[in-house]
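Novice: My structure is in run.tsv, and what it holds is TSV, C-alpha atoms:
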```
chain	number	residue	atom	x	y	z
M	1	MET	CA	-18.10	-4.65	-38.12
M	2	ASN	CA	-21.36	-4.52	-36.21
M	3	ASP	CA	-20.21	-7.82	-34.72
M	4	LEU	CA	-17.34	-5.91	-33.13
M	5	ARG	CA	-19.69	-3.43	-31.53
M	6	ASN	CA	-21.96	-6.22	-30.31
M	7	GLY	CA	-18.97	-7.96	-28.76
M	8	TRP	CA	-17.89	-4.71	-27.16
M	9	GLU	CA	-21.30	-3.99	-25.69
M	10	ASN	CA	-21.35	-7.47	-24.28
M	11	ILE	CA	-18.41	-6.91	-21.96
M	12	ASP	CA	-19.42	-6.74	-18.32
M	13	GLU	CA	-18.26	-3.21	-17.55
M	14	PHE	CA	-17.96	-3.64	-13.83
M	15	ALA	CA	-16.40	-7.07	-13.53
M	16	GLY	CA	-13.23	-7.23	-11.47
M	17	ILE	CA	-13.41	-3.60	-10.40
M	18	PRO	CA	-14.37	-2.94	-6.79
M	19	GLY	CA	-16.79	-0.18	-5.83
M	20	ILE	CA	-15.25	3.23	-5.46
M	21	GLY	CA	-15.43	5.04	-2.14
M	22	ILE	CA	-13.41	7.80	-0.51
M	23	THR	CA	-10.97	5.21	0.90
M	24	SER	CA	-10.18	3.65	-2.46
M	25	VAL	CA	-9.80	7.11	-4.01
M	26	GLU	CA	-7.31	8.02	-1.28
M	27	ARG	CA	-5.45	4.79	-2.04
M	28	PHE	CA	-5.33	5.69	-5.75
M	29	ILE	CA	-4.08	9.18	-4.99
M	30	GLN	CA	-1.27	7.89	-2.79
M	31	GLY	CA	-0.41	5.00	-5.06
M	32	ARG	CA	2.77	4.56	-7.08
M	33	SER	CA	2.59	5.47	-10.68
M	34	SER	CA	4.16	3.99	-13.82
M	35	SER	CA	3.36	6.61	-16.45
M	36	ILE	CA	6.17	8.47	-18.19
M	37	ALA	CA	5.05	11.76	-16.61
M	38	SER	CA	5.13	10.23	-13.13
M	39	LYS	CA	8.57	8.74	-13.67
M	40	VAL	CA	9.94	12.12	-14.74
M	41	ARG	CA	8.12	13.79	-11.83
M	42	GLY	CA	9.95	11.33	-9.54
M	43	ILE	CA	13.31	12.61	-10.85
M	44	PHE	CA	12.27	16.19	-9.97
M	45	VAL	CA	11.09	15.09	-6.52
M	46	ARG	CA	14.44	13.40	-5.84
M	47	ASP	CA	16.23	16.56	-6.94
M	48	PHE	CA	14.12	18.70	-4.57
M	49	ILE	CA	14.93	16.31	-1.70
M	50	PHE	CA	18.66	16.77	-2.43
M	51	LYS	CA	18.18	20.52	-2.59
M	52	THR	CA	16.39	20.51	0.77
M	53	LEU	CA	19.29	18.53	2.26
M	54	ALA	CA	21.75	21.03	0.77
M	55	PHE	CA	19.80	23.88	2.36
M	56	LEU	CA	19.91	22.07	5.72
M	57	PHE	CA	23.72	21.90	5.49
M	58	ILE	CA	24.48	25.32	4.01
M	59	VAL	CA	22.48	27.43	6.49
M	60	PRO	CA	24.02	26.00	9.70
M	61	ASN	CA	27.47	26.05	8.06
M	62	LEU	CA	27.14	29.82	7.65
M	63	PHE	CA	26.86	30.11	11.45
M	64	LEU	CA	29.27	27.34	12.39
M	65	TYR	CA	32.09	28.66	10.17
M	66	ARG	CA	31.53	32.34	10.93
M	67	ASP	CA	35.06	32.60	12.39
M	68	ASP	CA	36.68	31.12	9.28
M	69	PRO	CA	36.25	33.68	6.45
M	70	GLY	CA	37.59	31.34	3.73
M	71	ILE	CA	35.18	28.50	4.47
M	72	TRP	CA	32.33	30.95	5.16
M	73	LEU	CA	32.86	32.47	1.71
M	74	ILE	CA	32.75	29.03	0.10
M	75	ASN	CA	29.49	28.30	1.92
M	76	ALA	CA	28.11	31.65	0.77
M	77	ILE	CA	29.06	30.83	-2.84
M	78	LEU	CA	27.39	27.42	-2.50
M	79	GLY	CA	24.33	29.19	-1.04
M	80	VAL	CA	24.13	31.48	-4.08
M	81	LEU	CA	24.52	28.47	-6.38
M	82	TRP	CA	21.81	26.68	-4.40
M	83	ILE	CA	19.44	29.59	-5.02
M	84	ILE	CA	20.24	29.58	-8.76
M	85	PHE	CA	19.80	25.80	-9.05
M	86	THR	CA	16.59	25.83	-7.01
M	87	LEU	CA	15.08	28.58	-9.17
M	88	LEU	CA	16.12	26.70	-12.31
M	89	GLY	CA	14.70	23.46	-10.84
M	90	ILE	CA	11.35	25.14	-10.13
M	91	LYS	CA	11.32	26.67	-13.62
M	92	PHE	CA	11.99	23.30	-15.26
M	93	PHE	CA	9.41	21.58	-13.06
M	94	GLN	CA	6.73	24.12	-14.03
M	95	GLU	CA	7.60	23.68	-17.70
M	96	PHE	CA	7.37	19.92	-17.23
M	97	LYS	CA	3.95	20.17	-15.54
M	98	ARG	CA	2.65	22.20	-18.47
M	99	SER	CA	4.13	19.71	-20.95
M	100	ALA	CA	2.77	16.64	-19.17
M	101	ASP	CA	-0.84	17.83	-18.81
M	102	PRO	CA	-2.88	14.74	-19.84
M	103	ALA	CA	-6.08	16.74	-20.28
M	104	ARG	CA	-5.02	17.80	-23.78
M	105	SER	CA	-5.43	15.81	-26.96
M	106	SER	CA	-3.15	12.79	-27.34
M	107	ARG	CA	-1.21	14.47	-30.11
M	108	GLU	CA	-0.56	17.67	-28.10
M	109	ASN	CA	0.22	15.66	-24.98
M	110	LEU	CA	2.76	13.41	-26.69
M	111	SER	CA	4.43	16.13	-28.74
M	112	SER	CA	4.80	18.53	-25.80
M	113	LEU	CA	6.22	15.73	-23.63
M	114	LEU	CA	8.64	14.83	-26.41
M	115	THR	CA	9.69	18.46	-26.79
M	116	PHE	CA	10.31	18.77	-23.05
M	117	LEU	CA	12.22	15.51	-22.74
M	118	THR	CA	14.47	16.13	-25.72
M	119	ARG	CA	15.10	19.87	-25.35
M	120	ARG	CA	14.65	20.83	-21.69
M	121	PHE	CA	15.25	17.69	-19.70
M	122	PRO	CA	19.01	17.50	-20.40
M	123	TYR	CA	19.35	20.95	-18.77
M	124	ALA	CA	17.10	19.93	-15.88
M	125	ALA	CA	19.22	16.80	-15.40
M	126	MET	CA	22.38	18.90	-15.54
M	127	THR	CA	21.18	21.29	-12.82
M	128	ALA	CA	19.96	18.32	-10.73
M	129	ALA	CA	23.33	16.57	-11.07
M	130	THR	CA	25.29	19.71	-10.24
M	131	SER	CA	23.06	20.26	-7.18
M	132	TYR	CA	24.66	17.09	-5.86
M	133	VAL	CA	27.91	19.00	-5.34
M	134	CYS	CA	25.91	21.65	-3.43
M	135	THR	CA	24.78	18.87	-1.08
M	136	PHE	CA	27.96	16.83	-0.93
M	137	LEU	CA	30.41	19.65	-0.19
M	138	PRO	CA	28.43	21.42	2.58
M	139	GLY	CA	27.61	17.95	3.92
M	140	ILE	CA	31.32	17.21	4.43
M	141	LEU	CA	31.90	20.63	6.02
M	142	PHE	CA	28.91	20.13	8.30
M	143	TYR	CA	30.05	16.65	9.30
M	144	PHE	CA	33.54	17.83	10.27
M	145	VAL	CA	32.34	20.72	12.38
M	146	ILE	CA	29.77	18.55	14.17
M	147	ALA	CA	32.13	15.56	14.64
M	148	TYR	CA	35.39	17.37	15.46
M	149	GLY	CA	34.39	20.99	16.11
M	150	TYR	CA	36.69	22.20	13.32
M	151	LEU	CA	37.59	21.37	9.72
M	152	LYS	CA	40.12	18.57	9.88
M	153	PRO	CA	43.16	19.09	7.62
M	154	PHE	CA	42.99	16.94	4.49
M	155	SER	CA	45.79	14.78	3.16
M	156	PRO	CA	46.32	14.69	-0.63
M	157	GLU	CA	44.64	11.23	-0.61
M	158	ASN	CA	41.53	12.68	1.08
M	159	TYR	CA	41.54	15.43	-1.51
M	160	LEU	CA	41.55	12.84	-4.31
M	161	VAL	CA	38.87	10.65	-2.70
M	162	PHE	CA	36.45	13.53	-2.04
M	163	SER	CA	36.98	15.03	-5.49
M	164	PHE	CA	36.41	11.61	-7.03
M	165	LEU	CA	33.18	11.10	-5.02
M	166	GLY	CA	31.93	14.57	-5.94
M	167	VAL	CA	32.60	14.11	-9.66
M	168	LEU	CA	31.30	10.51	-9.61
M	169	GLY	CA	28.00	11.57	-7.98
M	170	THR	CA	27.49	14.42	-10.42
M	171	VAL	CA	28.36	12.50	-13.58
M	172	SER	CA	26.53	9.29	-12.63
M	173	GLY	CA	23.42	11.28	-11.57
M	174	TYR	CA	23.33	13.00	-14.94
M	175	VAL	CA	24.00	9.83	-16.96
M	176	LEU	CA	21.39	7.78	-15.07
M	177	ASP	CA	18.67	10.44	-15.50
M	178	ILE	CA	19.39	10.80	-19.21
M	179	ARG	CA	19.43	7.03	-19.70
M	180	ALA	CA	16.11	6.67	-17.84
M	181	VAL	CA	14.47	9.22	-20.09
M	182	ARG	CA	15.93	7.87	-23.33
M	183	HIS	CA	13.58	4.89	-23.13
M	184	HIS	CA	10.57	7.20	-22.54
M	185	ILE	CA	11.54	9.33	-25.56
M	186	GLN	CA	11.65	6.24	-27.75
M	187	HIS	CA	8.20	5.17	-26.52
M	188	ILE	CA	6.70	8.61	-27.24
M	189	ARG	CA	8.29	8.76	-30.69
M	190	ILE	CA	6.71	5.41	-31.60
M	191	CYS	CA	3.28	6.56	-30.34
M	192	LEU	CA	3.56	9.84	-32.25
M	193	SER	CA	4.52	8.14	-35.48
M	194	ASP	CA	1.60	5.74	-34.97
M	195	LEU	CA	-0.73	8.68	-34.40
M	196	ASN	CA	0.11	10.59	-37.49
M	197	ASP	CA	3.01	11.00	-39.85
M	198	ASN	CA	2.72	14.78	-39.51
M	199	ALA	CA	2.67	14.70	-35.73
M	200	LEU	CA	6.33	13.80	-35.54
M	201	ALA	CA	7.17	16.62	-37.95
M	202	MET	CA	5.15	19.04	-35.79
M	203	ALA	CA	7.03	17.89	-32.69
M	204	SER	CA	10.33	18.38	-34.52
M	205	GLN	CA	9.30	21.96	-35.33
M	206	HIS	CA	8.55	22.64	-31.65
M	207	ILE	CA	11.90	21.13	-30.69
M	208	GLU	CA	13.70	23.41	-33.14
M	209	MET	CA	11.88	26.48	-31.77
M	210	LYS	CA	12.81	25.53	-28.21
M	211	ARG	CA	16.41	24.98	-29.23
M	212	LYS	CA	16.69	28.62	-30.25
M	213	MET	CA	15.45	29.72	-26.82
M	214	ASP	CA	17.89	27.52	-24.90
M	215	HIS	CA	21.10	29.56	-25.32
M	216	LEU	CA	20.67	31.74	-22.22
M	217	ILE	CA	20.08	28.73	-19.98
M	218	THR	CA	23.11	26.99	-21.44
M	219	ILE	CA	25.30	29.96	-20.56
M	220	LEU	CA	23.80	30.20	-17.04
M	221	ILE	CA	24.41	26.53	-16.36
M	222	GLN	CA	27.96	26.69	-17.68
M	223	VAL	CA	28.69	29.65	-15.39
M	224	ALA	CA	27.13	27.81	-12.45
M	225	ILE	CA	29.18	24.66	-13.11
M	226	LEU	CA	32.33	26.75	-13.37
M	227	LEU	CA	31.52	28.44	-10.04
M	228	VAL	CA	30.93	25.05	-8.38
M	229	PHE	CA	34.29	23.76	-9.47
M	230	LEU	CA	35.97	27.02	-8.46
M	231	GLY	CA	34.30	26.53	-5.07
M	232	PHE	CA	35.65	23.01	-4.97
M	233	ILE	CA	39.18	24.15	-5.71
M	234	ALA	CA	38.91	27.01	-3.19
M	235	VAL	CA	37.79	24.64	-0.42
M	236	PHE	CA	40.65	22.26	-0.86
M	237	LYS	CA	43.18	25.00	-1.40
M	238	SER	CA	42.17	26.63	1.87
M	239	VAL	CA	42.24	23.25	3.61
M	240	LEU	CA	45.67	22.32	2.31
M	241	THR	CA	47.33	25.65	3.14
G	1	MET	CA	-9.27	21.74	3.47
G	2	ASP	CA	-13.09	21.90	3.07
G	3	GLN	CA	-12.60	22.72	-0.60
G	4	PHE	CA	-10.31	19.68	-0.89
G	5	ARG	CA	-12.91	17.41	0.75
G	6	ALA	CA	-15.67	18.79	-1.47
G	7	ASN	CA	-13.46	18.21	-4.51
G	8	LYS	CA	-12.70	14.68	-3.40
G	9	GLY	CA	-16.40	13.98	-2.86
G	10	SER	CA	-17.44	15.20	-6.31
G	11	PHE	CA	-14.45	13.45	-7.88
G	12	THR	CA	-15.44	10.16	-6.23
G	13	ARG	CA	-18.99	10.55	-7.56
G	14	LEU	CA	-17.76	11.19	-11.11
G	15	LEU	CA	-15.37	8.28	-10.89
G	16	GLU	CA	-18.15	5.98	-9.72
G	17	GLU	CA	-20.39	7.10	-12.59
G	18	ASN	CA	-17.66	6.50	-15.17
G	19	ARG	CA	-16.22	3.31	-13.73
G	20	GLY	CA	-17.35	1.31	-16.76
G	21	ILE	CA	-15.50	3.52	-19.26
G	22	ILE	CA	-12.25	3.33	-17.31
G	23	HIS	CA	-12.63	-0.42	-16.95
G	24	LYS	CA	-13.05	-0.84	-20.72
G	25	ILE	CA	-9.99	1.33	-21.40
G	26	CYS	CA	-7.99	-0.87	-19.01
G	27	LEU	CA	-9.18	-3.97	-20.86
G	28	MET	CA	-7.91	-2.52	-24.14
G	29	TYR	CA	-4.42	-1.85	-22.82
G	30	THR	CA	-3.63	-4.75	-20.50
G	31	SER	CA	-3.25	-8.48	-20.78
G	32	ASN	CA	-3.85	-9.69	-17.22
G	33	GLN	CA	-5.71	-8.82	-14.04
G	34	THR	CA	-2.66	-7.36	-12.21
G	35	ASP	CA	-1.81	-5.00	-15.05
G	36	LYS	CA	-5.48	-4.06	-15.36
G	37	GLU	CA	-5.65	-3.07	-11.70
G	38	ASP	CA	-2.37	-1.14	-11.98
G	39	LEU	CA	-3.59	0.79	-15.00
G	40	TYR	CA	-6.96	1.44	-13.34
G	41	GLN	CA	-5.15	2.94	-10.37
G	42	GLU	CA	-2.86	4.94	-12.63
G	43	ILE	CA	-5.80	6.41	-14.56
G	44	CYS	CA	-7.59	7.32	-11.32
G	45	LEU	CA	-4.44	9.03	-10.07
G	46	GLN	CA	-4.04	11.07	-13.26
G	47	LEU	CA	-7.75	11.92	-13.32
G	48	TRP	CA	-7.47	13.22	-9.76
G	49	ARG	CA	-4.41	15.32	-10.58
G	50	SER	CA	-6.13	16.80	-13.63
G	51	PHE	CA	-9.51	17.16	-11.95
G	52	ARG	CA	-8.26	20.09	-9.87
G	53	THR	CA	-7.66	22.06	-13.07
G	54	TYR	CA	-10.75	20.89	-14.99
G	55	ARG	CA	-12.57	24.04	-16.13
G	56	ASN	CA	-15.57	22.78	-18.12
G	57	GLU	CA	-13.88	23.95	-21.31
G	58	SER	CA	-14.66	20.66	-23.00
G	59	LYS	CA	-17.35	18.03	-22.45
G	60	PHE	CA	-16.73	15.98	-19.33
G	61	SER	CA	-16.60	12.75	-21.35
G	62	THR	CA	-14.02	14.27	-23.74
G	63	TRP	CA	-11.85	15.30	-20.77
G	64	LEU	CA	-12.22	11.85	-19.20
G	65	TYR	CA	-11.27	10.04	-22.41
G	66	ARG	CA	-8.34	12.38	-22.99
G	67	VAL	CA	-6.83	11.88	-19.54
G	68	SER	CA	-7.53	8.14	-19.43
G	69	LEU	CA	-6.31	7.36	-22.94
G	70	ASN	CA	-3.23	9.59	-22.64
G	71	THR	CA	-2.39	7.78	-19.41
G	72	ALA	CA	-2.90	4.37	-21.00
G	73	ILE	CA	-0.82	5.31	-24.05
G	74	SER	CA	2.07	6.65	-21.97
G	75	SER	CA	2.04	4.00	-19.26
G	76	LEU	CA	5.01	1.73	-19.06
G	77	ARG	CA	4.82	-1.93	-18.13
G	78	LYS	CA	6.07	-2.58	-14.61
G	79	ASN	CA	7.37	-6.07	-15.22
G	80	ARG	CA	7.88	-6.98	-18.83
G	81	ARG	CA	8.84	-10.62	-18.16
G	82	GLN	CA	5.71	-11.25	-16.11
G	83	VAL	CA	3.49	-9.80	-18.84
G	84	GLU	CA	5.11	-11.83	-21.58
G	85	THR	CA	4.54	-15.09	-19.74
G	86	VAL	CA	0.81	-14.54	-19.34
G	87	GLN	CA	0.09	-13.16	-22.78
G	88	LEU	CA	-1.27	-16.43	-24.14
G	89	ASP	CA	-4.38	-16.24	-21.98
G	90	GLN	CA	-4.71	-12.48	-22.14
G	91	THR	CA	-8.50	-12.41	-22.36
G	92	GLU	CA	-9.11	-14.68	-19.39
G	93	HIS	CA	-9.67	-11.66	-17.13
G	94	VAL	CA	-12.58	-10.45	-19.22
G	95	ALA	CA	-16.06	-11.07	-17.92
G	96	VAL	CA	-18.75	-11.38	-20.55
G	97	ARG	CA	-22.45	-11.12	-19.71
G	98	ASP	CA	-23.68	-13.78	-22.10
G	99	SER	CA	-21.54	-16.91	-22.11
G	100	GLU	CA	-22.58	-17.76	-25.70
G	101	ARG	CA	-20.96	-14.56	-26.90
G	102	GLN	CA	-17.79	-15.07	-24.93
G	103	GLY	CA	-15.87	-16.41	-27.91
G	104	LYS	CA	-16.69	-13.44	-30.11
G	105	THR	CA	-15.80	-10.89	-27.44
G	106	ARG	CA	-12.56	-12.63	-26.52
G	107	MET	CA	-11.65	-12.79	-30.22
G	108	LEU	CA	-12.29	-9.05	-30.51
G	109	LEU	CA	-10.06	-8.23	-27.54
G	110	LYS	CA	-7.34	-10.58	-28.75
G	111	ALA	CA	-7.42	-8.85	-32.14
G	112	VAL	CA	-7.41	-5.38	-30.57
G	113	SER	CA	-4.39	-6.30	-28.45
G	114	ARG	CA	-2.40	-6.75	-31.68
G	115	LEU	CA	-3.01	-3.12	-32.68
G	116	ASN	CA	-0.64	-0.34	-31.64
G	117	LYS	CA	-1.58	1.84	-28.65
G	118	VAL	CA	-2.88	4.75	-30.75
G	119	ASP	CA	-5.05	2.55	-32.98
G	120	ARG	CA	-6.47	0.93	-29.85
G	121	ALA	CA	-7.53	4.37	-28.58
G	122	ILE	CA	-9.21	5.26	-31.87
G	123	ILE	CA	-11.07	1.96	-32.17
G	124	LEU	CA	-12.16	2.16	-28.53
G	125	LEU	CA	-13.75	5.56	-29.13
G	126	TRP	CA	-15.45	4.19	-32.23
G	127	LEU	CA	-16.73	1.14	-30.33
G	128	GLU	CA	-18.05	3.53	-27.69
G	129	GLU	CA	-20.05	5.15	-30.53
G	130	LYS	CA	-18.34	8.51	-30.26
G	131	GLU	CA	-18.84	11.02	-33.08
G	132	TYR	CA	-15.88	11.68	-35.39
G	133	ALA	CA	-15.75	15.22	-33.99
G	134	GLU	CA	-15.21	13.92	-30.45
G	135	ILE	CA	-12.66	11.30	-31.55
G	136	SER	CA	-10.81	14.08	-33.36
G	137	GLU	CA	-10.92	16.28	-30.23
G	138	VAL	CA	-9.62	13.49	-27.99
G	139	MET	CA	-6.82	12.37	-30.31
G	140	GLY	CA	-5.85	15.74	-31.78
G	141	ILE	CA	-6.16	14.69	-35.42
G	142	SER	CA	-8.57	16.00	-38.08
G	143	GLN	CA	-11.98	14.39	-38.64
G	144	SER	CA	-10.95	13.26	-42.11
G	145	ALA	CA	-7.85	11.64	-40.60
G	146	VAL	CA	-10.11	9.89	-38.07
G	147	SER	CA	-12.26	8.56	-40.89
G	148	VAL	CA	-9.26	7.31	-42.89
G	149	ARG	CA	-7.65	5.78	-39.79
G	150	LEU	CA	-10.86	3.98	-38.85
G	151	VAL	CA	-11.17	2.42	-42.28
G	152	ARG	CA	-7.56	1.19	-42.01
G	153	ILE	CA	-7.95	-0.07	-38.45
G	154	ARG	CA	-11.15	-1.96	-39.25
G	155	GLU	CA	-9.43	-3.56	-42.24
G	156	LYS	CA	-6.53	-4.49	-40.00
G	157	LEU	CA	-8.90	-5.94	-37.39
G	158	LYS	CA	-10.78	-7.97	-40.00
G	159	SER	CA	-7.57	-9.52	-41.21
G	160	ILE	CA	-6.33	-10.21	-37.67
G	161	ILE	CA	-9.64	-11.86	-36.74
G	162	LYS	CA	-9.55	-13.95	-39.93
G	163	ASN	CA	-6.02	-15.10	-39.06
G	164	LEU	CA	-7.07	-15.90	-35.50
G	165	GLU	CA	-10.03	-17.94	-36.74
G	166	ASP	CA	-7.75	-19.86	-39.09
G	167	GLU	CA	-5.28	-20.68	-36.28
```
Once more with this new file: its structure as structure tokens, please.

Specialist:
Amino acid sequence: MNDLRNGWENIDEFAGIPGIGITSVERFIQGRSSSIASKVRGIFVRDFIFKTLAFLFIVPNLFLYRDDPGIWLINAILGVLWIIFTLLGIKFFQEFKRSADPARSSRENLSSLLTFLTRRFPYAAMTAATSYVCTFLPGILFYFVIAYGYLKPFSPENYLVFSFLGVLGTVSGYVLDIRAVRHHIQHIRICLSDLNDNALAMASQHIEMKRKMDHLITILIQVAILLVFLGFIAVFKSVLT
Amino acid sequence: MDQFRANKGSFTRLLEENRGIIHKICLMYTSNQTDKEDLYQEICLQLWRSFRTYRNESKFSTWLYRVSLNTAISSLRKNRRQVETVQLDQTEHVAVRDSERQGKTRMLLKAVSRLNKVDRAIILLWLEEKEYAEISEVMGISQSAVSVRLVRIREKLKSIIKNLEDE
């Protein structure tokens, strides 16, 4: 086995790696990343971009539709939902940052990432997907008031098309995020079982503990989803009458 | 802003001092020059993100190995097809100081590449002559588990090398 160490010592440590200066460090910092944590971080970033867009539609809508109490109320409801979803998004992102800290031991790092991805991420993906409606609906309202100066009456076909687009965006956003993470979960499970037979059991224990704490969030999200769809129905009802 | 610049300066210094370690970790986990550079960049990025919260609670080398190895273990290949096509000459990107020893070193890396990602991390720490206590701290397993794992990994490596020599 000493042969192994001799071979190892013989590797030219600096071959193929350029010198490191401030410029190359800046390049590294701005570079794209392919780690699991960075991929999941990317999903959160995309969600925050959507939420920012939603904010940019909801706030002007509150002024532009001030003479139409029905639409104003819908915007106000969407604004409240936006606040709830943004707070939930921040909460999930902070939990994720704690889970993905690579400065811990490999076992802790992998098991906390696994716990987050299996127990918390589905809720994070659900709030991110539902946020889409908070962007899509105010976006339509904003477009109509900017383009025509008023909310154009919808035909039943328009009603169907917009509902379909809203539901399609929400469902596909959720499914795609969950599918993207499924592969990461599998990778982590393999690494954990390679690390130690007990590590996977320990992670399962953490997952079970988290599961017990998830009930309140489940109820909150269900209420929020219900409110979004009520908002949806209210918008189209007010448009059609 | 000044704090940020000072941080960046000291981070750059530390990175420069530990370039060799990161390079060796990249060698363990990649099979071609492009992947090696990608992983090197990835590790630097994660080190920078973690550096801002580094509190001297553990030895600097332990922190460095933890962040780098965790990044290597959890990194995903960018282009699977490209990697698979170049896997036959996976040690070509390794520079060896003494050309006479090239064969032995390349054999070692080829054998290591057949281990799983966790075993690669453990054997790398052993090759770097780290104490069992530090390996245990980096990996999060007990010292006795480290000792048992190392025996198994070395056995595995011996048999892989024997097979490679027979090929």

Novice: What's around Tyr29 in chain G at 9 Å? Count only C-alpha atoms, leave out sequence neighbours fewer than 6 positions away in its own chain, and write the answer as a ChimeraX atom specification.

Specialist: /G:35-36,39,72-73,113,117,120

Novice: Would you compute the distance between CA of Phe154 in chain M and CA of Val228 in chain M? Give it in Å to one decimal.

Specialist: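 CA of Val228 in chain M lies at a distance of 19.4 Å from CA of Phe154 in chain M.
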
Novice: Could you work out how far CA of Gln46 in chain G lies from CA of Ser38 in chain M, giving the answer in Å with one decimal?

Specialist: 9.2 Å

Novice: Do you know which residues are at most 10 Å from Thr130 in chain M counting all atoms listed in the file, after dropping those on the same chain fewer than 4 positions away, and could you put them as a PyMOL selection string?

Specialist: chain M and resi 81-82+85+124-126+134-135+166-167+169-171+173-174+221+224-225+228-229

Novice: Skipping near chain neighbours, those fewer than 3 positions away, what residues fall within 10 Å of range 130-139 of chain G using all atoms listed in the file, listed as a ChimeraX atom specification?

Specialist: /M:103-109,195 /G:58-59,61-67,69-70,118,121-127,142-147,150

Novice: What does the distance from CA of Val112 in chain G to CA of Ile185 in chain M come to in Å, to one decimal?

Specialist: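 Distance between the two atoms: 24.5 Å.
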
Novice: Measuring atom to atom with only C-alpha atoms, identify which of G:Cys26, G:Leu14, G:Ile161, G:Leu108 is nearest to chain M.

Specialist: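 Nearest to chain M: G:Leu108.
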
Novice: Given the choices M:Gln186, M:Arg179, M:Leu87, M:Leu160, which gets closest to chain G if the distance is worked out from all atoms listed in the file?

Specialist: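 Going through M:Gln186, M:Arg179, M:Leu87, M:Leu160 one by one, the smallest distance to chain G is for M:Gln186.
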
Novice: Looking at G:Leu27, G:Val151, G:Ile21, G:Ile141, which one is nearest to Thr105 in chain G, with distances taken over all atoms listed in the file?

Specialist: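 For Thr105 in chain G, the nearest of the candidates is G:Leu27.
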
Novice: Have a look at M:Trp72, M:Phe121, M:Trp8, M:Phe96 and name the one nearest to chain G; count all atoms listed in the file.

Specialist: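 The closest residue to chain G is M:Trp8.
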
Novice: Given the choices G:Arg52, G:Lys104, G:Lys162, G:Lys110, which gets closest to chain M if the distance is worked out from only C-alpha atoms?

Specialist: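 Answer, going by the shortest atom-to-atom distance: G:Lys104.
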
Novice: Filtering to N, CA and C atoms, could range 172-184 of chain M of the supplied structure be written out as an mmCIF file, in the first residue's frame?

Specialist:
```cif
data_model
loop_
_atom_site.group_PDB
_atom_site.id
_atom_site.type_symbol
_atom_site.label_atom_id
_atom_site.label_comp_id
_atom_site.auth_asym_id
_atom_site.auth_seq_id
_atom_site.Cartn_x
_atom_site.Cartn_y
_atom_site.Cartn_z
ATOM 1 N N SER M 172 -47.511 22.149 -14.336
ATOM 2 C CA SER M 172 -46.239 21.762 -14.979
ATOM 3 C C SER M 172 -45.046 22.286 -14.172
ATOM 4 N N GLY M 173 -45.166 23.490 -13.579
ATOM 5 C CA GLY M 173 -44.084 24.021 -12.738
ATOM 6 C C GLY M 173 -43.790 23.077 -11.583
ATOM 7 N N TYR M 174 -44.862 22.620 -10.937
ATOM 8 C CA TYR M 174 -44.702 21.716 -9.793
ATOM 9 C C TYR M 174 -44.078 20.385 -10.227
ATOM 10 N N VAL M 175 -44.637 19.810 -11.292
ATOM 11 C CA VAL M 175 -44.157 18.492 -11.756
ATOM 12 C C VAL M 175 -42.686 18.566 -12.180
ATOM 13 N N LEU M 176 -42.327 19.629 -12.922
ATOM 14 C CA LEU M 176 -40.942 19.742 -13.397
ATOM 15 C C LEU M 176 -39.956 19.888 -12.233
ATOM 16 N N ASP M 177 -40.324 20.700 -11.231
ATOM 17 C CA ASP M 177 -39.430 20.875 -10.068
ATOM 18 C C ASP M 177 -39.250 19.567 -9.312
ATOM 19 N N ILE M 178 -40.356 18.851 -9.121
ATOM 20 C CA ILE M 178 -40.284 17.587 -8.380
ATOM 21 C C ILE M 178 -39.465 16.558 -9.161
ATOM 22 N N ARG M 179 -39.664 16.531 -10.469
ATOM 23 C CA ARG M 179 -38.911 15.578 -11.307
ATOM 24 C C ARG M 179 -37.415 15.898 -11.278
ATOM 25 N N ALA M 180 -37.083 17.208 -11.301
ATOM 26 C CA ALA M 180 -35.670 17.611 -11.291
ATOM 27 C C ALA M 180 -34.988 17.160 -10.009
ATOM 28 N N VAL M 181 -35.725 17.221 -8.912
ATOM 29 C CA VAL M 181 -35.135 16.900 -7.617
ATOM 30 C C VAL M 181 -35.086 15.392 -7.362
ATOM 31 N N ARG M 182 -35.986 14.654 -8.018
ATOM 32 C CA ARG M 182 -36.035 13.206 -7.804
ATOM 33 C C ARG M 182 -34.659 12.571 -8.102
ATOM 34 N N HIS M 183 -34.038 13.035 -9.176
ATOM 35 C CA HIS M 183 -32.728 12.514 -9.559
ATOM 36 C C HIS M 183 -31.676 12.834 -8.481
ATOM 37 N N HIS M 184 -31.755 14.066 -7.926
ATOM 38 C CA HIS M 184 -30.803 14.465 -6.873
ATOM 39 C C HIS M 184 -30.990 13.587 -5.627
#
```
